[in-house]
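Undergrad: Next up, input30.cif (mmCIF, C-alpha atoms).
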```
data_work
loop_
_atom_site.label_atom_id
_atom_site.label_comp_id
_atom_site.auth_asym_id
_atom_site.auth_seq_id
_atom_site.Cartn_x
_atom_site.Cartn_y
_atom_site.Cartn_z
CA MET A 20 7.49 47.24 -27.36
CA ALA A 21 7.21 45.55 -30.75
CA LYS A 22 9.62 48.09 -32.28
CA ASP A 23 12.32 47.15 -29.76
CA ARG A 24 12.26 43.46 -30.65
CA VAL A 25 15.11 41.96 -32.64
CA HIS A 26 14.43 38.92 -34.83
CA LEU A 27 17.56 36.94 -35.59
CA GLN A 28 17.75 34.81 -38.70
CA ILE A 29 20.39 32.10 -38.52
CA ASP A 30 21.34 29.86 -41.41
CA GLN A 31 22.21 26.19 -41.05
CA ARG A 32 25.90 26.91 -40.57
CA GLY A 33 25.17 29.40 -37.77
CA ALA A 34 22.84 26.95 -36.04
CA SER A 35 25.56 24.27 -36.19
CA SER A 36 28.03 26.70 -34.60
CA ILE A 37 25.60 27.41 -31.74
CA ASP A 38 25.10 23.69 -31.14
CA ALA A 39 28.88 23.17 -31.12
CA TYR A 40 29.34 25.96 -28.57
CA LEU A 41 26.63 24.55 -26.29
CA GLU A 42 28.32 21.14 -26.52
CA TYR A 43 31.63 22.81 -25.61
CA LYS A 44 30.14 24.53 -22.53
CA ARG A 45 28.49 21.32 -21.31
CA ILE A 46 31.81 19.49 -21.49
CA VAL A 47 34.27 22.21 -20.42
CA GLY A 48 32.10 24.36 -18.17
CA ASP A 49 34.23 27.01 -16.46
CA ASP A 50 37.47 25.03 -16.69
CA ASP A 51 38.72 27.28 -19.50
CA GLY A 52 38.87 30.25 -17.11
CA GLY A 53 36.66 32.34 -19.37
CA VAL A 54 39.01 32.06 -22.37
CA MET A 55 37.80 29.59 -24.95
CA PHE A 56 40.14 26.68 -25.70
CA SER A 57 41.72 26.40 -29.10
CA PRO A 58 40.66 23.32 -31.12
CA GLU A 59 43.88 21.56 -30.11
CA GLN A 60 43.41 22.41 -26.41
CA TYR A 61 39.77 21.32 -26.59
CA GLU A 62 40.67 17.91 -28.03
CA ALA A 63 43.45 17.46 -25.44
CA TYR A 64 41.01 18.38 -22.65
CA LYS A 65 38.46 15.84 -23.87
CA LYS A 66 41.06 13.07 -24.11
CA LYS A 67 42.18 13.77 -20.55
CA VAL A 68 38.88 14.42 -18.78
CA VAL A 69 36.01 12.68 -20.59
CA PRO A 70 37.08 9.01 -20.07
CA GLN A 71 37.56 9.56 -16.32
CA ARG A 72 34.35 11.59 -16.09
CA MET A 73 32.29 8.80 -17.63
CA LYS A 74 33.97 6.25 -15.37
CA ASN A 75 33.91 8.24 -12.10
CA ARG A 76 30.57 10.02 -12.30
CA LEU A 77 29.07 11.06 -8.97
CA PHE A 78 25.32 11.18 -8.35
CA VAL A 79 24.04 13.91 -6.02
CA SER A 80 20.55 13.95 -4.56
CA TRP A 81 18.53 15.30 -1.64
CA ILE A 82 16.79 12.41 0.10
CA GLY A 83 14.34 11.94 2.95
CA SER A 84 14.18 9.20 5.58
CA SER A 85 12.35 6.89 3.13
CA GLY A 86 15.29 6.96 0.71
CA MET A 87 13.32 8.73 -2.00
CA ASP A 88 15.32 11.18 -4.12
CA CYS A 89 13.14 14.20 -3.41
CA LYS A 90 15.48 16.39 -5.48
CA LEU A 91 18.01 15.30 -8.07
CA VAL A 92 20.77 17.88 -8.32
CA GLY A 93 21.75 19.20 -11.77
CA PRO A 94 24.43 21.59 -13.09
CA GLU A 95 22.42 24.74 -12.30
CA THR A 96 21.05 23.68 -8.89
CA MET A 97 21.99 26.18 -6.18
CA CYS A 98 24.10 25.29 -3.15
CA PHE A 99 23.80 26.71 0.36
CA CYS A 100 26.79 28.91 -0.49
CA ASN A 101 24.73 30.56 -3.25
CA HIS A 102 26.84 29.05 -6.05
CA ARG A 103 25.63 26.48 -8.55
CA PHE A 104 26.51 22.80 -8.55
CA ARG A 105 28.67 23.19 -11.69
CA GLN A 106 30.82 25.65 -9.70
CA HIS A 107 31.83 22.86 -7.30
CA LYS A 108 34.44 20.16 -7.73
CA THR A 109 32.82 17.24 -9.58
CA ASP A 110 35.74 15.69 -11.50
CA PHE A 111 38.11 13.25 -9.80
CA LEU A 112 40.71 12.41 -12.45
CA LYS A 113 42.83 10.35 -10.03
CA GLY A 114 39.91 8.28 -8.84
CA ILE A 115 37.07 8.75 -6.38
CA PRO A 116 38.31 9.09 -2.78
CA ASP A 117 37.63 6.24 -0.36
CA GLU A 118 36.49 8.53 2.45
CA ARG A 119 32.76 8.98 3.02
CA PRO A 120 31.00 11.30 2.68
CA ILE A 121 32.59 12.49 -0.56
CA LEU A 122 33.26 16.22 -0.31
CA LEU A 123 32.58 18.52 -3.27
CA PRO A 124 34.12 21.91 -2.32
CA CYS A 125 33.21 25.12 -4.11
CA LYS A 126 35.71 26.22 -6.77
CA GLU A 127 34.78 29.91 -6.68
CA LYS A 128 37.58 32.15 -5.39
CA GLY A 129 37.14 33.16 -1.75
CA CYS A 130 34.20 30.81 -1.06
CA PRO A 131 34.78 28.76 2.12
CA CYS A 132 32.12 26.16 1.19
CA GLN A 133 33.61 22.76 1.99
CA THR A 134 31.06 20.62 0.15
CA TYR A 135 27.89 20.98 -1.87
CA HIS A 136 24.77 21.31 0.30
CA TYR A 137 21.32 21.55 -1.28
CA VAL A 138 18.69 23.95 0.08
CA PRO A 139 15.11 23.74 -1.27
CA MET A 140 13.61 26.62 -3.19
CA THR A 141 10.24 28.35 -2.92
CA GLY A 142 9.72 30.04 -6.24
CA SER A 143 12.94 31.81 -7.19
CA GLN A 144 14.50 32.03 -3.73
CA GLN A 145 15.83 29.60 -1.17
CA VAL A 146 13.79 28.82 1.93
CA ARG A 147 14.32 30.75 5.15
CA CYS A 148 15.64 29.38 8.40
CA SER A 149 13.28 29.20 11.39
CA CYS A 150 15.12 32.33 12.59
CA LYS A 151 13.57 34.12 9.53
CA HIS A 152 16.95 34.69 7.83
CA PHE A 153 18.02 33.42 4.41
CA PRO A 154 20.87 30.93 3.82
CA ASP A 155 23.22 33.69 2.62
CA GLU A 156 22.88 35.26 6.08
CA HIS A 157 24.31 32.09 7.65
CA SER A 158 27.79 30.63 7.69
CA VAL A 159 28.49 28.27 4.77
CA LYS A 160 30.26 25.86 7.12
CA GLN A 161 28.45 23.37 9.30
CA PRO A 162 26.40 23.79 11.45
CA TYR A 163 25.54 26.86 9.32
CA THR A 164 25.10 29.28 12.21
CA CYS A 165 23.40 32.63 11.63
CA ARG A 166 25.73 35.61 11.11
CA LYS A 167 23.22 38.22 12.25
CA GLY A 168 24.62 39.77 15.41
CA SER A 169 21.43 39.72 17.47
CA CYS A 170 20.23 36.30 16.26
CA LYS A 171 20.53 33.34 18.62
CA CYS A 172 20.18 30.76 15.84
CA THR A 173 22.64 27.90 16.41
CA GLY A 174 22.27 26.35 12.96
CA PHE A 175 20.19 26.54 9.80
CA ARG A 176 16.92 24.66 10.28
CA SER A 177 13.98 25.41 8.02
CA SER A 178 10.32 24.68 8.77
CA TYR A 179 9.75 24.03 5.05
CA THR A 180 7.87 20.79 4.32
CA CYS A 181 8.89 18.76 1.29
CA GLY A 182 6.33 17.33 -1.13
CA CYS A 183 7.04 13.89 0.36
CA GLY A 184 5.46 15.09 3.61
CA GLU A 185 8.65 15.29 5.66
CA PRO A 186 10.28 18.52 6.93
CA ALA A 187 13.41 19.80 5.23
CA TYR A 188 15.60 19.11 8.27
CA SER A 189 14.89 15.36 7.98
CA HIS A 190 16.55 15.34 4.54
CA ILE A 191 20.23 15.05 3.70
CA THR A 192 22.35 15.73 0.62
CA ILE A 193 24.16 12.57 -0.46
CA VAL A 194 26.96 12.04 -2.97
CA GLU A 195 27.27 8.48 -4.25
CA THR A 196 29.06 6.49 -6.93
CA LYS A 197 27.34 4.55 -9.68
CA GLU A 198 27.77 1.29 -7.77
CA GLU A 199 26.40 2.77 -4.54
CA ARG A 200 23.38 4.17 -6.36
CA LEU A 201 22.64 0.86 -8.07
CA ALA A 202 22.86 -0.84 -4.67
CA ARG A 203 20.04 1.46 -3.50
CA GLY A 204 17.97 0.34 -6.50
CA HIS A 205 17.93 3.77 -8.15
CA PRO A 206 18.46 4.50 -11.87
CA VAL A 207 21.82 5.73 -13.16
CA GLY A 208 20.95 6.44 -16.79
CA GLN A 209 23.70 6.48 -19.41
CA ASP A 210 27.33 7.48 -19.00
CA THR A 211 27.76 11.08 -20.11
CA PRO A 212 30.79 13.26 -20.98
CA TYR A 213 29.10 16.40 -19.64
CA GLN A 214 30.30 18.19 -16.52
CA ALA A 215 28.42 18.27 -13.20
CA MET A 216 25.39 16.21 -14.25
CA GLY A 217 24.81 15.16 -10.64
CA GLY A 218 21.66 13.07 -10.33
CA ILE A 219 20.16 13.99 -13.71
CA THR A 220 19.46 10.82 -15.71
CA GLY A 221 16.55 11.97 -17.92
CA PHE A 222 13.68 14.42 -18.27
CA SER A 223 11.82 12.89 -15.31
CA SER A 224 14.78 13.87 -13.09
CA LEU A 225 13.60 17.48 -13.29
CA MET A 226 10.46 16.60 -11.31
CA ASP A 227 10.23 16.31 -7.53
CA GLY A 228 10.45 12.81 -6.11
CA TYR A 229 6.81 12.46 -5.11
CA MET A 230 5.78 13.09 -8.75
CA ARG A 231 8.46 10.90 -10.34
CA LEU A 232 7.19 7.44 -11.34
CA ASP A 233 10.57 5.70 -11.46
CA PRO A 234 12.49 3.92 -8.66
CA SER A 235 14.16 7.19 -7.60
CA GLY A 236 10.78 8.73 -6.74
CA ALA A 237 7.33 7.57 -5.73
CA GLY A 238 7.53 4.66 -8.18
CA ALA A 239 4.95 3.36 -10.60
CA PRO A 240 1.45 2.84 -9.17
CA PRO A 241 0.51 -0.81 -8.45
CA ILE A 242 -1.40 -2.79 -11.08
CA GLU A 243 -4.39 -2.96 -8.74
CA PHE A 244 -4.63 0.83 -8.83
CA LEU A 245 -4.40 0.97 -12.62
CA ASP A 246 -7.00 -1.79 -13.10
CA GLN A 247 -9.59 -0.55 -10.62
CA PRO A 248 -13.13 -0.08 -11.99
CA ILE A 249 -14.09 3.23 -13.59
CA THR A 250 -16.76 5.05 -11.58
CA ALA A 251 -18.64 8.36 -11.67
CA THR A 252 -15.88 9.99 -9.57
CA ASP A 253 -13.14 9.33 -12.16
CA HIS A 254 -11.79 11.78 -14.71
CA PRO A 255 -14.27 12.68 -17.51
CA PHE A 256 -11.81 11.32 -20.10
CA LEU A 257 -11.96 7.85 -18.54
CA ARG A 258 -15.74 7.95 -18.23
CA ALA A 259 -16.16 9.12 -21.83
CA ASN A 260 -13.96 6.30 -23.14
CA VAL A 261 -15.19 3.46 -20.98
CA GLN A 262 -16.62 1.64 -24.03
CA SER A 263 -13.31 1.96 -25.89
CA ILE A 264 -11.42 0.66 -22.85
CA LYS A 265 -13.79 -2.30 -22.72
CA ALA A 266 -13.16 -3.10 -26.41
CA HIS A 267 -9.38 -2.82 -25.92
CA ARG A 268 -9.40 -5.14 -22.91
CA LYS A 269 -11.47 -7.67 -24.81
CA ALA A 270 -9.12 -7.48 -27.81
CA ILE A 271 -6.01 -8.24 -25.72
CA GLY A 272 -7.68 -11.06 -23.79
CA MET A 273 -8.45 -9.28 -20.49
CA ASP A 274 -12.03 -10.62 -20.38
CA ASP A 275 -11.89 -11.01 -16.59
CA LYS A 276 -11.41 -7.23 -16.25
CA ILE A 277 -14.40 -6.21 -18.40
CA ASP A 278 -17.23 -6.75 -15.92
CA LYS A 279 -15.59 -4.49 -13.33
CA ASP A 280 -16.76 -1.45 -15.27
CA LEU A 281 -20.20 -2.84 -16.11
CA ALA A 282 -22.06 -0.54 -13.69
CA GLU A 283 -20.37 2.56 -15.09
CA ARG A 284 -21.00 1.52 -18.70
CA MET A 285 -24.68 0.93 -18.02
CA SER A 286 -25.05 4.19 -16.11
CA ALA A 287 -23.32 6.12 -18.90
CA MET A 288 -26.07 5.14 -21.34
CA LYS A 289 -29.29 7.14 -21.56
CA LYS A 290 -32.42 5.43 -20.29
CA PRO A 291 -35.51 5.20 -22.55
CA GLY A 292 -37.43 8.50 -22.51
CA GLU A 293 -34.75 10.28 -20.44
CA SER A 294 -34.09 13.89 -21.43
CA ASP A 295 -30.64 15.45 -21.53
CA MET A 296 -31.33 17.39 -18.35
CA GLU A 297 -32.55 14.27 -16.52
CA TYR A 298 -29.52 12.31 -17.73
CA TYR A 299 -26.97 14.86 -16.48
CA GLU A 300 -28.83 15.29 -13.19
CA ARG A 301 -28.82 11.52 -12.60
CA ARG A 302 -25.09 11.31 -13.38
CA TYR A 303 -24.39 14.22 -11.06
CA GLN A 304 -26.36 12.60 -8.19
CA GLU A 305 -24.43 9.34 -8.70
CA LYS A 306 -21.16 11.22 -8.40
CA VAL A 307 -22.32 13.03 -5.25
CA SER A 308 -23.46 9.73 -3.72
CA LEU A 309 -20.10 8.10 -4.33
CA HIS A 310 -18.30 11.07 -2.80
CA VAL A 311 -20.44 10.78 0.34
CA ILE A 312 -19.66 7.07 0.62
CA VAL A 313 -15.91 7.59 0.22
CA LYS A 314 -15.92 10.43 2.76
CA ALA A 315 -17.85 8.28 5.24
CA MET A 316 -15.40 5.41 4.85
CA PHE A 317 -12.52 7.74 5.65
CA ASN A 318 -14.39 9.06 8.69
CA ASN A 319 -15.09 5.52 10.00
CA LEU A 320 -18.86 5.94 9.76
CA ASP A 321 -21.32 3.09 9.33
CA TYR A 322 -21.10 2.24 5.62
CA ARG A 323 -24.50 0.50 5.53
CA PHE A 324 -26.24 3.55 7.01
CA VAL A 325 -24.60 5.86 4.49
CA TRP A 326 -25.52 3.58 1.59
CA LEU A 327 -29.18 3.61 2.61
CA HIS A 328 -28.97 7.37 3.17
CA CYS A 329 -27.64 7.95 -0.35
CA TYR A 330 -29.87 5.62 -2.30
CA SER A 331 -33.04 6.59 -0.52
CA GLY A 332 -32.92 9.81 -2.58
CA ASN A 333 -31.42 12.09 0.10
CA THR A 334 -27.89 13.04 -0.91
CA LYS A 335 -27.58 16.25 1.04
#
```
Using structure tokens, write down the structure that the file contains.

TA:
Amino acid sequence: MAKDRVHLQIDQRGASSIDAYLEYKRIVGDDDGGVMFSPEQYEAYKKKVVPQRMKNRLFVSWIGSSGMDCKLVGPETMCFCNHRFRQHKTDFLKGIPDERPILLPCKEKGCPCQTYHYVPMTGSQQVRCSCKHFPDEHSVKQPYTCRKGSCKCTGFRSSYTCGCGEPAYSHITIVETKEERLARGHPVGQDTPYQAMGGITGFSSLMDGYMRLDPSGAGAPPIEFLDQPITATDHPFLRANVQSIKAHRKAIGMDDKIDKDLAERMSAMKKPGESDMEYYERRYQEKVSLHVIVKAMFNNLDYRFVWLHCYSGNTK
């Protein structure tokens, strides 16, 4: 295998040429018909398209009933018609139409897709319909009926559950302007000259909504969550640095927050005459006890009984 490998060495001029070509493809996409523009044509294209593209950008996302952007569509995101988002109409040089929803038909020859429609992926393939057939075995026009002769499916409806907890059929693909997106309280990022950027506004846009800590996703955790006391059930990194966290809070004037972690700081210290084995066993039993208490609280058990049960020495 090693003998078949080819190692390319590119000088600074070659690297600059590659960067220039990538910039060209991000701006032009497939609008050159597969034949690269001349420098004059490229400059004319940019003067015509880029100002309107930056002014009339459309944001495309797949949202649930809560309004969270569970998926932000990018240039390479697949459509129900099995073509990518960049292969759909995304530039409106004469202005964005007033009709809603805004339709983004597929530009590929012979494709009857009337507008971009996102379908979630599992691994490298799109999810199946409840009739067990893939999207490419359904019509690309609404209601996306199955084309298998013996199938009685009346429309594509997947049992796939999104990371937000809602089924796929409770989500919709929306196309919105910058003003409409700002009205929803979602980020728009910076104006860009690149083609078919959809909902991509930064690196975090590549994550699913329930993992994204900006207004388009789950949002940042509340300050109460971030400032809660460190206990034996927390991550080892937090427990190992509890003294450093204390010193930092004291240095920035958060003295009222220091005593919340007092129990953990005291427990993290070895007791006089305690061996290493006894120390780790005690810390382990504290963690088990806290897990039992938390589990009992979720199961609506008597908290006082569980507390006595744990600290009487019986943690099983």

Undergrad: I need the output of the PyMOL selection byres ((chain A and resi 81-83) around 7) for this file as a PyMOL selection string; which residues are they?

TA: chain A and resi 80+84-91+137+189-193

Undergrad: Quick one: residues within 8 Å of (30.2, 26.5, 6.9) (file frame), counting only C-alpha atoms, please, as a ChimeraX atom specification.

TA: /A:131-133,158-164

Undergrad: Emit the selected residues as a PDB file, in the coordinates of the input, including C-alpha atoms.

TA:
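Saved the output as part-v9.pdb:
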```
ATOM      1  CA  PRO A 131      34.780  28.760   2.120  1.00  0.00           C
ATOM      2  CA  CYS A 132      32.120  26.160   1.190  1.00  0.00           C
ATOM      3  CA  GLN A 133      33.610  22.760   1.990  1.00  0.00           C
ATOM      4  CA  SER A 158      27.790  30.630   7.690  1.00  0.00           C
ATOM      5  CA  VAL A 159      28.490  28.270   4.770  1.00  0.00           C
ATOM      6  CA  LYS A 160      30.260  25.860   7.120  1.00  0.00           C
ATOM      7  CA  GLN A 161      28.450  23.370   9.300  1.00  0.00           C
ATOM      8  CA  PRO A 162      26.400  23.790  11.450  1.00  0.00           C
ATOM      9  CA  TYR A 163      25.540  26.860   9.320  1.00  0.00           C
ATOM     10  CA  THR A 164      25.100  29.280  12.210  1.00  0.00           C
TER      11      THR A 164
END
```

Undergrad: Would you mind telling me which residue in A:Thr211, A:Gln106, A:Pro124, A:His157 lies nearest to Ile46 of chain A when using only C-alpha atoms?

TA: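 Going through A:Thr211, A:Gln106, A:Pro124, A:His157 one by one, the smallest distance to Ile46 of chain A is for A:Thr211.
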
Undergrad: For a cut-off of 9 Å around (17.4, 2.4, -5.8), file coordinates, pick out all residues using only C-alpha atoms and list them as an mmCIF file with C-alpha atoms, in the coordinates of the input.

TA:
```cif
data_model
loop_
_atom_site.group_PDB
_atom_site.id
_atom_site.type_symbol
_atom_site.label_atom_id
_atom_site.label_comp_id
_atom_site.auth_asym_id
_atom_site.auth_seq_id
_atom_site.Cartn_x
_atom_site.Cartn_y
_atom_site.Cartn_z
ATOM 1 C CA GLY A 86 15.290 6.960 0.710
ATOM 2 C CA MET A 87 13.320 8.730 -2.000
ATOM 3 C CA ARG A 200 23.380 4.170 -6.360
ATOM 4 C CA LEU A 201 22.640 0.860 -8.070
ATOM 5 C CA ALA A 202 22.860 -0.840 -4.670
ATOM 6 C CA ARG A 203 20.040 1.460 -3.500
ATOM 7 C CA GLY A 204 17.970 0.340 -6.500
ATOM 8 C CA HIS A 205 17.930 3.770 -8.150
ATOM 9 C CA PRO A 206 18.460 4.500 -11.870
ATOM 10 C CA PRO A 234 12.490 3.920 -8.660
ATOM 11 C CA SER A 235 14.160 7.190 -7.600
#
```

Undergrad: Could you check which of A:Arg32, A:Arg24, A:Arg72, A:His152 is closest to Tyr213 of chain A, using all atoms listed in the file?

TA: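 Ranking A:Arg32, A:Arg24, A:Arg72, A:His152 by distance to Tyr213 of chain A, first place goes to A:Arg72.
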
Undergrad: Could you tell me, as a PyMOL selection string, exactly which residues end up selected when the PyMOL selection byres ((chain A and resi 93) around 6) is applied to this structure?

TA: chain A and resi 92+94-96+216-217+219

Undergrad: Suppose you want the space between atom CA of Gly168 of chain A and atom CA of Thr141 of chain A; what is it in Å?

TA: 25.9 Å

Undergrad: One decimal, in Å: what's the spacing between atom CA of Thr109 of chain A and atom CA of Ser223 of chain A?

TA: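 That distance, rounded to one decimal, is 22.2 Å.
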
Undergrad: List the spatial neighbours of Met97 of chain A as number ranges by chain - criterion: any atom at most 12 Å away, all atoms listed in the file, same-chain residues fewer than 4 positions off excluded.

TA: A: 90-93, 101-107, 125, 135-140, 143-146, 154-155

Undergrad: I need the residues from that last selection saved to file as a tab-separated table (two decimals), in the coordinates of the input (with C-alpha atoms), if you can.

TA:
```
chain	number	residue	atom	x	y	z
A	90	LYS	CA	15.48	16.39	-5.48
A	91	LEU	CA	18.01	15.30	-8.07
A	92	VAL	CA	20.77	17.88	-8.32
A	93	GLY	CA	21.75	19.20	-11.77
A	101	ASN	CA	24.73	30.56	-3.25
A	102	HIS	CA	26.84	29.05	-6.05
A	103	ARG	CA	25.63	26.48	-8.55
A	104	PHE	CA	26.51	22.80	-8.55
A	105	ARG	CA	28.67	23.19	-11.69
A	106	GLN	CA	30.82	25.65	-9.70
A	107	HIS	CA	31.83	22.86	-7.30
A	125	CYS	CA	33.21	25.12	-4.11
A	135	TYR	CA	27.89	20.98	-1.87
A	136	HIS	CA	24.77	21.31	0.30
A	137	TYR	CA	21.32	21.55	-1.28
A	138	VAL	CA	18.69	23.95	0.08
A	139	PRO	CA	15.11	23.74	-1.27
A	140	MET	CA	13.61	26.62	-3.19
A	143	SER	CA	12.94	31.81	-7.19
A	144	GLN	CA	14.50	32.03	-3.73
A	145	GLN	CA	15.83	29.60	-1.17
A	146	VAL	CA	13.79	28.82	1.93
A	154	PRO	CA	20.87	30.93	3.82
A	155	ASP	CA	23.22	33.69	2.62
```

Undergrad: Suppose you want the space between atom CA of Asp50 of chain A and atom CA of Ala34 of chain A; what is it in Å?

TA: 24.3 Å

Undergrad: Adding 5 Å on each side of the box along x, y and z that holds all listed atoms of segment 80-92 of chain A, could you give its centre and edge lengths in Å to one decimal, as lines of an AutoDock Vina configuration file?

TA:
```
center_x = 16.6
center_y = 12.4
center_z = -1.4
size_x = 18.4
size_y = 21.0
size_z = 23.9
```

Undergrad: For Gly221 of chain A, which residue out of A:Pro240, A:Asp233, A:Asp51, A:Val261 is the nearest one, using all atoms listed in the file?

TA: A:Asp233
